[in-house]
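Have a look at the structure below, then the notes.
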Amino acid sequence: MEIKEDYFRIHKKGNIYILSDRIPFIWKEMLIWNLPTFLGLLYVFGPVVGVYIFILTLFFYVLFRFASWIFYTEIQINIESGEMIKVKKIINKTQNINLITNKFDSSKFEYTELNRSGNTKFLMNYKTHKNNELLILRNKKDKEFIEKYIVEKIILTN
């Protein structure tokens with residue numbers, strides 16, 4: 001079972017539910033998003049300047065997307081043991097593991113509203129003796145989806 005959103009993935013491996021913020025790296029998408037930019041630049045600046053700016057734009061966009069594909073975080077909830085851990089990874093290799101709790105309790109999740117660039121985002125926290133910042137969710141729909149998923153799939157099915 002795997003659920004794919006734009007900015008997070010949820011899947012199950014045995015007894016472990018994994019929330020990941022890894023953004024997929026898709027070459028076709030890179031070209032589709034940059035092609036209208038290229039055509040607009042050709043029209044506005046002409047062929048020489050348009051091609052030059054397009055190459056720079058494509059380079060930096062690909063660099064940004066590649067970085068977001070390489071560096072990512074996973075939240076792993078083990079239903080059997082009740083552990084929840086935060087794993088930071090670089091290209092599928094674990095760099096850092098933080099044990100959040102030994103006794104998972106869904107009521108300890110909190111969502112803090114953030115205003116960034118004129119958009120409302122949500123910071124997913126898990127309260128223990130300290131605030132454990134887990135993921136940044138891009139909108140209220142994603143927040144509600146994760147809340148519903150945790151209740152329906154993780155808690156009620158186990």
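Ordered as shown in the structure tokens, chains take letters A, B, and onward, while each chain numbers its residues from 1 and ligands are numbered from 1 in the order shown.
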Selection: 12 Å around A:Lys86, only C-alpha atoms, excl. self and same-chain fewer than 6 positions, as a VMD selection string:
chain A and resid 17 to 21 72 to 78 94 to 101 125 to 126 132 to 135
Residues as selected, N, CA, C and O atoms, written as a short mmCIF file (atom, residue, chain, number, x, y, z; two decimals), in the first residue's frame, can you do that?
data_model
loop_
_atom_site.label_atom_id
_atom_site.label_comp_id
_atom_site.auth_asym_id
_atom_site.auth_seq_id
_atom_site.Cartn_x
_atom_site.Cartn_y
_atom_site.Cartn_z
N TYR A 17 4.60 1.85 9.42
CA TYR A 17 4.04 2.85 8.52
C TYR A 17 5.10 3.94 8.34
O TYR A 17 5.68 4.40 9.32
N ILE A 18 5.34 4.34 7.10
CA ILE A 18 6.39 5.31 6.81
C ILE A 18 5.79 6.52 6.10
O ILE A 18 5.17 6.39 5.05
N LEU A 19 6.01 7.71 6.71
CA LEU A 19 5.67 8.99 6.08
C LEU A 19 6.97 9.58 5.60
O LEU A 19 7.89 9.77 6.39
N SER A 20 7.08 9.88 4.33
CA SER A 20 8.31 10.39 3.76
C SER A 20 8.05 11.70 3.04
O SER A 20 7.02 11.85 2.38
N ASP A 21 8.98 12.65 3.15
CA ASP A 21 8.84 13.92 2.44
C ASP A 21 9.72 13.98 1.19
O ASP A 21 10.00 15.06 0.69
N TYR A 72 16.09 13.84 2.44
CA TYR A 72 14.69 13.70 2.84
C TYR A 72 14.59 13.09 4.23
O TYR A 72 15.56 12.60 4.80
N THR A 73 13.38 13.15 4.78
CA THR A 73 13.10 12.66 6.13
C THR A 73 11.99 11.63 6.07
O THR A 73 11.04 11.77 5.29
N GLU A 74 12.10 10.61 6.90
CA GLU A 74 11.04 9.61 7.05
C GLU A 74 10.62 9.55 8.50
O GLU A 74 11.46 9.58 9.40
N ILE A 75 9.32 9.46 8.73
CA ILE A 75 8.76 9.22 10.05
C ILE A 75 8.27 7.77 10.02
O ILE A 75 7.41 7.44 9.20
N GLN A 76 8.83 6.94 10.88
CA GLN A 76 8.48 5.52 10.89
C GLN A 76 7.73 5.19 12.18
O GLN A 76 8.24 5.42 13.27
N ILE A 77 6.52 4.65 12.03
CA ILE A 77 5.70 4.27 13.16
C ILE A 77 5.57 2.75 13.15
O ILE A 77 4.98 2.17 12.25
N ASN A 78 6.16 2.12 14.16
CA ASN A 78 6.11 0.66 14.30
C ASN A 78 4.91 0.32 15.18
O ASN A 78 4.91 0.60 16.37
N THR A 94 20.87 6.06 5.66
CA THR A 94 20.50 6.71 6.91
C THR A 94 21.65 7.54 7.44
O THR A 94 22.77 7.06 7.57
N GLN A 95 21.36 8.80 7.74
CA GLN A 95 22.35 9.72 8.29
C GLN A 95 22.13 9.96 9.77
O GLN A 95 23.08 10.17 10.51
N ASN A 96 20.86 9.99 10.20
CA ASN A 96 20.53 10.33 11.57
C ASN A 96 19.22 9.66 11.95
O ASN A 96 18.27 9.69 11.19
N ILE A 97 19.17 9.06 13.16
CA ILE A 97 17.95 8.45 13.66
C ILE A 97 17.64 9.06 15.02
O ILE A 97 18.50 9.07 15.90
N ASN A 98 16.42 9.58 15.16
CA ASN A 98 15.96 10.13 16.44
C ASN A 98 14.75 9.34 16.90
O ASN A 98 13.73 9.29 16.20
N LEU A 99 14.84 8.76 18.09
CA LEU A 99 13.70 8.08 18.68
C LEU A 99 12.78 9.14 19.25
O LEU A 99 13.17 9.93 20.10
N ILE A 100 11.56 9.20 18.75
CA ILE A 100 10.59 10.18 19.20
C ILE A 100 9.87 9.66 20.45
O ILE A 100 9.77 10.35 21.44
N THR A 101 9.39 8.42 20.37
CA THR A 101 8.68 7.83 21.51
C THR A 101 8.72 6.31 21.43
O THR A 101 8.86 5.74 20.35
N ASN A 125 3.80 18.35 14.55
CA ASN A 125 4.57 18.13 15.77
C ASN A 125 4.08 16.90 16.49
O ASN A 125 2.90 16.54 16.39
N TYR A 126 4.97 16.28 17.26
CA TYR A 126 4.58 15.22 18.17
C TYR A 126 5.08 15.63 19.55
O TYR A 126 6.27 15.84 19.73
N ASN A 132 8.65 17.72 18.99
CA ASN A 132 9.34 17.01 17.92
C ASN A 132 8.73 17.44 16.60
O ASN A 132 7.62 17.03 16.26
N GLU A 133 9.45 18.29 15.87
CA GLU A 133 8.96 18.77 14.59
C GLU A 133 9.21 17.69 13.54
O GLU A 133 10.34 17.28 13.30
N LEU A 134 8.13 17.22 12.92
CA LEU A 134 8.23 16.08 12.01
C LEU A 134 8.26 16.50 10.55
O LEU A 134 9.23 16.26 9.86
N LEU A 135 7.17 17.07 10.06
CA LEU A 135 7.06 17.43 8.64
C LEU A 135 6.35 18.77 8.49
O LEU A 135 5.57 19.15 9.34
#
Closest of A:Val151, A:Ser106, A:Gly14, A:Trp69 to A:Ile90, counting only C-alpha atoms, is A:Trp69
Atomic distance atom CA of A:Phe38 - atom CA of A:Gly50, expressed in Å with one decimal
6.7 Å
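Coordinates place atom CA of A:Phe8 at a distance of 6.3 Å from atom CA of A:Arg22.
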